[in-house]
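Shown next, in structure tokens, is the structure this report addresses.
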Amino acid sequence: MPPFVHQQTEIEELFLPRIDDRRTRMLLKRSLRGSGIKTRHSVCESFFSTELYDADGRASTADRNRIYSRESRILARALGRRLLEKTTGFSAQDITHVVFASCTGFANPGPDFHLIADLGLRSDVQRNVLGFMGCYAAVPALRMAKQISEADPAANVLVMCLELCSLHLQFADSHDSVLANSLFSDGAGAAIVSSRVPDKQSTSAAELGDFFTEIIPEGEPDMKWEIGNQGFDLVLSNRVPQLIESGIGGFVRSICDPSEIRHWAVHPGGKGILDKVEAAVPVPPDKLTIPREVMKKYGNMASATVLFVIKDILEQAQPGDSVFSVAFGPGLTIEAGLLRKC
């Protein structure tokens, strides 16, 4: 996590004085207080850093991306070192591939490149970047890592999802900005994917099973992520939970018998999304405790979020337990994968 932690109540105090429209102020209050989020992290000491924003709360996309280039390397280095320290049986020199996912900034050479020097990886490490996919990117990243490992049994793939969403918060009276300002935060998650049998002492190792993709075409205009002049512009309509509700039940049942799934690693994109998944699949309420706790403690960290959920679930699961992981993003896209605790 980045070093700076912000209470959701602080965000309300920061935003409300800058909004003139009464209805928008009411919407923001409801969104913040009903979000299910208590704290959010940021690479900025203030969600609207004086380094980044002018006196009117404006910052160019170039300035925001400059902060991303600097801070993403710092966070990726810290996470990569922690991952290698905590994963027994793997050293930096064992890593053969990197799969790096991010949708909140661009740099080349970027954090995927800098990991080689910062972690002491081999210079011939093969790098793959999944860019601008959105909140669901962790699932394709794990899928790609599995495919690499199946093609080359000697491969050891470092998967990393890193998002600095707070760099793109904007003062605006639009519904989309209100939702974004009440949900998104910064964070990064990582894993090592390998054909090597994990150490028997590992508490968060899982076997990767099959992966699945579906789109809900009518949701295309309701969730978008575009590059504007004042940061990245998010389109996130209030129809998204209903659209997910309309498609998720049939999608899940086409893959498995929901009653046989022990754990549900659902991307907590928002309280409404979790509520609709719970009702439509259906998922027993106690099975979404961990996604709700991750959302409460960290907010929506885009692609990194579901890795936090998977890690917490695996640390509680018993060997052999099944895990259904699912995440959502622009398109409207559903990405899912089956895992089993080792």
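Residues in the structure tokens are named by chain (A, B, ... in the order shown) and by number from 1 within that chain; ligands are numbered from 1 in the order shown.
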
* alpha helix (DSSP H) positions in segment 111-264 of chain A, given as a ChimeraX atom specification -> /A:111-119,138-151,175-183,240-255

Could you write those residues out with N, CA and C atoms, as a CSV table (one decimal), in the first residue's frame?
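Saved file result_26.csv follows:
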```
chain,number,residue,atom,x,y,z
A,111,PRO,N,7.4,0.7,-14.9
A,111,PRO,CA,7.6,-0.1,-13.8
A,111,PRO,C,8.0,-1.5,-14.1
A,112,ASP,N,7.4,-2.1,-15.1
A,112,ASP,CA,7.7,-3.4,-15.5
A,112,ASP,C,9.2,-3.6,-15.8
A,113,PHE,N,9.8,-2.6,-16.5
A,113,PHE,CA,11.2,-2.5,-16.9
A,113,PHE,C,12.1,-2.3,-15.6
A,114,HIS,N,11.7,-1.4,-14.8
A,114,HIS,CA,12.5,-1.0,-13.6
A,114,HIS,C,12.5,-2.2,-12.6
A,115,LEU,N,11.6,-3.1,-12.6
A,115,LEU,CA,11.6,-4.2,-11.7
A,115,LEU,C,12.9,-5.0,-11.9
A,116,ILE,N,13.4,-5.1,-13.1
A,116,ILE,CA,14.6,-5.9,-13.4
A,116,ILE,C,15.8,-5.4,-12.5
A,117,ALA,N,16.0,-4.1,-12.5
A,117,ALA,CA,17.1,-3.5,-11.7
A,117,ALA,C,16.7,-3.5,-10.3
A,118,ASP,N,15.5,-3.1,-10.0
A,118,ASP,CA,15.1,-2.8,-8.6
A,118,ASP,C,15.0,-4.1,-7.8
A,119,LEU,N,14.7,-5.3,-8.4
A,119,LEU,CA,14.6,-6.5,-7.7
A,119,LEU,C,15.8,-7.4,-8.0
A,138,ALA,N,-6.6,-8.3,-13.4
A,138,ALA,CA,-5.9,-9.3,-12.7
A,138,ALA,C,-6.2,-10.7,-13.2
A,139,VAL,N,-7.4,-10.9,-13.6
A,139,VAL,CA,-7.8,-12.3,-14.1
A,139,VAL,C,-7.1,-12.6,-15.4
A,140,PRO,N,-7.1,-11.8,-16.4
A,140,PRO,CA,-6.3,-12.0,-17.6
A,140,PRO,C,-4.8,-12.1,-17.3
A,141,ALA,N,-4.3,-11.4,-16.3
A,141,ALA,CA,-2.9,-11.5,-16.0
A,141,ALA,C,-2.6,-12.9,-15.5
A,142,LEU,N,-3.4,-13.4,-14.6
A,142,LEU,CA,-3.2,-14.7,-14.0
A,142,LEU,C,-3.3,-15.8,-15.1
A,143,ARG,N,-4.3,-15.5,-16.0
A,143,ARG,CA,-4.5,-16.5,-17.1
A,143,ARG,C,-3.3,-16.5,-18.0
A,144,MET,N,-2.7,-15.3,-18.4
A,144,MET,CA,-1.5,-15.3,-19.2
A,144,MET,C,-0.4,-16.0,-18.5
A,145,ALA,N,-0.2,-15.8,-17.2
A,145,ALA,CA,0.9,-16.4,-16.5
A,145,ALA,C,0.7,-17.9,-16.5
A,146,LYS,N,-0.5,-18.4,-16.4
A,146,LYS,CA,-0.8,-19.9,-16.4
A,146,LYS,C,-0.4,-20.4,-17.8
A,147,GLN,N,-0.8,-19.7,-18.9
A,147,GLN,CA,-0.5,-20.1,-20.2
A,147,GLN,C,1.0,-20.2,-20.5
A,148,ILE,N,1.7,-19.2,-19.9
A,148,ILE,CA,3.2,-19.2,-20.1
A,148,ILE,C,3.8,-20.4,-19.4
A,149,SER,N,3.3,-20.7,-18.2
A,149,SER,CA,3.8,-21.8,-17.4
A,149,SER,C,3.5,-23.2,-18.0
A,150,GLU,N,2.3,-23.3,-18.6
A,150,GLU,CA,2.0,-24.5,-19.3
A,150,GLU,C,2.8,-24.7,-20.5
A,151,ALA,N,3.2,-23.6,-21.2
A,151,ALA,CA,4.0,-23.7,-22.4
A,151,ALA,C,5.4,-24.0,-22.1
A,175,HIS,N,-22.2,13.0,-12.3
A,175,HIS,CA,-22.5,11.8,-11.6
A,175,HIS,C,-21.3,10.9,-11.6
A,176,ASP,N,-20.6,10.8,-12.7
A,176,ASP,CA,-19.5,9.9,-12.8
A,176,ASP,C,-18.3,10.3,-11.9
A,177,SER,N,-18.1,11.6,-11.8
A,177,SER,CA,-17.0,12.1,-10.9
A,177,SER,C,-17.4,11.8,-9.5
A,178,VAL,N,-18.6,12.0,-9.1
A,178,VAL,CA,-19.1,11.8,-7.7
A,178,VAL,C,-18.8,10.3,-7.4
A,179,LEU,N,-19.2,9.4,-8.2
A,179,LEU,CA,-19.0,8.0,-7.9
A,179,LEU,C,-17.5,7.6,-7.8
A,180,ALA,N,-16.7,8.1,-8.8
A,180,ALA,CA,-15.3,7.9,-8.8
A,180,ALA,C,-14.6,8.4,-7.5
A,181,ASN,N,-15.0,9.6,-7.1
A,181,ASN,CA,-14.4,10.3,-5.9
A,181,ASN,C,-14.8,9.5,-4.6
A,182,SER,N,-15.9,8.7,-4.7
A,182,SER,CA,-16.3,8.0,-3.4
A,182,SER,C,-15.7,6.6,-3.4
A,183,LEU,N,-15.1,6.1,-4.4
A,183,LEU,CA,-14.7,4.7,-4.5
A,183,LEU,C,-13.3,4.4,-4.6
A,240,VAL,N,-24.7,0.1,-13.7
A,240,VAL,CA,-23.7,-1.0,-13.7
A,240,VAL,C,-24.1,-2.2,-12.8
A,241,PRO,N,-24.5,-1.9,-11.5
A,241,PRO,CA,-24.9,-3.1,-10.7
A,241,PRO,C,-26.1,-3.9,-11.3
A,242,GLN,N,-27.1,-3.2,-11.9
A,242,GLN,CA,-28.2,-3.9,-12.5
A,242,GLN,C,-27.8,-4.7,-13.7
A,243,LEU,N,-26.9,-4.2,-14.5
A,243,LEU,CA,-26.4,-4.9,-15.7
A,243,LEU,C,-25.6,-6.1,-15.2
A,244,ILE,N,-24.8,-6.0,-14.2
A,244,ILE,CA,-24.1,-7.2,-13.7
A,244,ILE,C,-25.1,-8.2,-13.1
A,245,GLU,N,-26.1,-7.7,-12.4
A,245,GLU,CA,-27.1,-8.6,-11.9
A,245,GLU,C,-27.8,-9.4,-13.1
A,246,SER,N,-28.0,-8.8,-14.2
A,246,SER,CA,-28.7,-9.4,-15.3
A,246,SER,C,-27.9,-10.5,-15.9
A,247,GLY,N,-26.5,-10.4,-15.8
A,247,GLY,CA,-25.7,-11.4,-16.5
A,247,GLY,C,-24.9,-12.4,-15.7
A,248,ILE,N,-24.7,-12.0,-14.4
A,248,ILE,CA,-23.7,-12.8,-13.6
A,248,ILE,C,-24.3,-14.2,-13.3
A,249,GLY,N,-25.6,-14.3,-13.0
A,249,GLY,CA,-26.1,-15.6,-12.5
A,249,GLY,C,-26.0,-16.7,-13.6
A,250,GLY,N,-26.4,-16.4,-14.8
A,250,GLY,CA,-26.3,-17.4,-15.9
A,250,GLY,C,-24.8,-17.7,-16.3
A,251,PHE,N,-24.0,-16.6,-16.2
A,251,PHE,CA,-22.6,-16.8,-16.5
A,251,PHE,C,-21.9,-17.8,-15.5
A,252,VAL,N,-22.2,-17.6,-14.2
A,252,VAL,CA,-21.6,-18.5,-13.2
A,252,VAL,C,-22.1,-19.9,-13.3
A,253,ARG,N,-23.4,-20.0,-13.5
A,253,ARG,CA,-24.0,-21.4,-13.6
A,253,ARG,C,-23.6,-22.1,-14.9
A,254,SER,N,-23.1,-21.4,-15.9
A,254,SER,CA,-22.6,-22.1,-17.1
A,254,SER,C,-21.2,-22.6,-16.8
A,255,ILE,N,-20.6,-22.2,-15.8
A,255,ILE,CA,-19.2,-22.6,-15.4
A,255,ILE,C,-19.2,-23.7,-14.4
```

* Pick the closest to Ile95 of chain A from A:Thr61, A:Ser194, A:Asn108, A:Ser31: which is it, counting only C-alpha atoms? ->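 Of the candidates, the smallest distance to Ile95 of chain A is held by A:Ser194.
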
* Within 8 Å of segment 283-292 of chain A using only C-alpha atoms, minus same-chain residues under 2 positions, as a list in words ->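 After dropping sequence-adjacent residues, the list is Gly36, Pro258, Arg262, His263, Trp264, Ala265, Val266, His267, Pro268, Lys271, Leu274, Val277, Glu278, Ala279, Ala280, Val281, Val294, Met295, Lys296, Val309, Asp312 and Ile313 of chain A.
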
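With distances restricted to only C-alpha atoms, A:Phe47 is the closest residue to Glu10 of chain A from A:Phe47, A:Arg30, A:Ser42, A:Ala154.
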
Taking the chain letters and numbering used in this document, name the residues of segment 40-180 of chain A that DSSP puts in strand (DSSP E), as an mmCIF file with C-alpha atoms, in the first residue's frame.
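What landed in selection-v5.cif:
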```
data_model
loop_
_atom_site.group_PDB
_atom_site.id
_atom_site.type_symbol
_atom_site.label_atom_id
_atom_site.label_comp_id
_atom_site.auth_asym_id
_atom_site.auth_seq_id
_atom_site.Cartn_x
_atom_site.Cartn_y
_atom_site.Cartn_z
ATOM 1 C CA ARG A 40 -8.459 4.595 1.237
ATOM 2 C CA HIS A 41 -4.762 4.845 0.406
ATOM 3 C CA SER A 42 -3.037 7.272 -1.934
ATOM 4 C CA HIS A 97 8.681 -13.610 -16.999
ATOM 5 C CA VAL A 98 6.854 -10.521 -15.763
ATOM 6 C CA VAL A 99 3.176 -9.829 -16.458
ATOM 7 C CA PHE A 100 2.356 -6.274 -15.387
ATOM 8 C CA ALA A 101 -1.171 -4.818 -15.426
ATOM 9 C CA SER A 102 -2.148 -1.186 -14.881
ATOM 10 C CA GLN A 126 10.439 -11.551 -20.749
ATOM 11 C CA ARG A 127 7.965 -8.746 -19.991
ATOM 12 C CA ASN A 128 4.293 -8.464 -20.925
ATOM 13 C CA VAL A 129 2.183 -5.394 -20.119
ATOM 14 C CA LEU A 130 -1.617 -5.497 -19.932
ATOM 15 C CA GLY A 131 -2.565 -1.856 -20.212
ATOM 16 C CA ASN A 156 8.382 -18.642 -13.076
ATOM 17 C CA VAL A 157 6.103 -15.682 -13.749
ATOM 18 C CA LEU A 158 5.866 -12.583 -11.565
ATOM 19 C CA VAL A 159 2.360 -11.126 -11.931
ATOM 20 C CA MET A 160 1.797 -7.586 -10.684
ATOM 21 C CA CYS A 161 -1.265 -5.331 -10.770
ATOM 22 C CA LEU A 162 -0.581 -1.735 -9.739
ATOM 23 C CA GLU A 163 -3.064 1.130 -9.792
ATOM 24 C CA LEU A 164 -2.813 4.776 -8.713
#
```

* Asked: Separation of atom CA of Ile11 of chain A and atom CA of Lys311 of chain A, in Å?
  ->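 For atom CA of Ile11 of chain A relative to atom CA of Lys311 of chain A, the distance reads 27.8 Å.
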
* Asked: Do you have the atom CA of Leu208 of chain A-atom CA of Leu339 of chain A distance handy?
  ->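 A separation of 4.8 Å between them.
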
* Asked: For the atom pair atom CA of Ile273 of chain A and atom CA of Gly299 of chain A, what is the interatomic distance in Å to one decimal place?
  ->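 Pair atom CA of Ile273 of chain A / atom CA of Gly299 of chain A returns 13.2 Å.
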
* Structure fact -> Judged by only C-alpha atoms, the minimum distance to Ala302 of chain A among A:Val125, A:Gln8, A:Ser166, A:Ala206 is found for A:Ser166

* To do: Please provide as an NGL selection string all residues within 9 Å of Cys135 of chain A, with the sequence filter that same-chain residues fewer than 2 positions apart are discarded (counting only C-alpha atoms).
  => :A and (103 or 133 or 137-138 or 267 or 269 or 300-306 or 327-330)
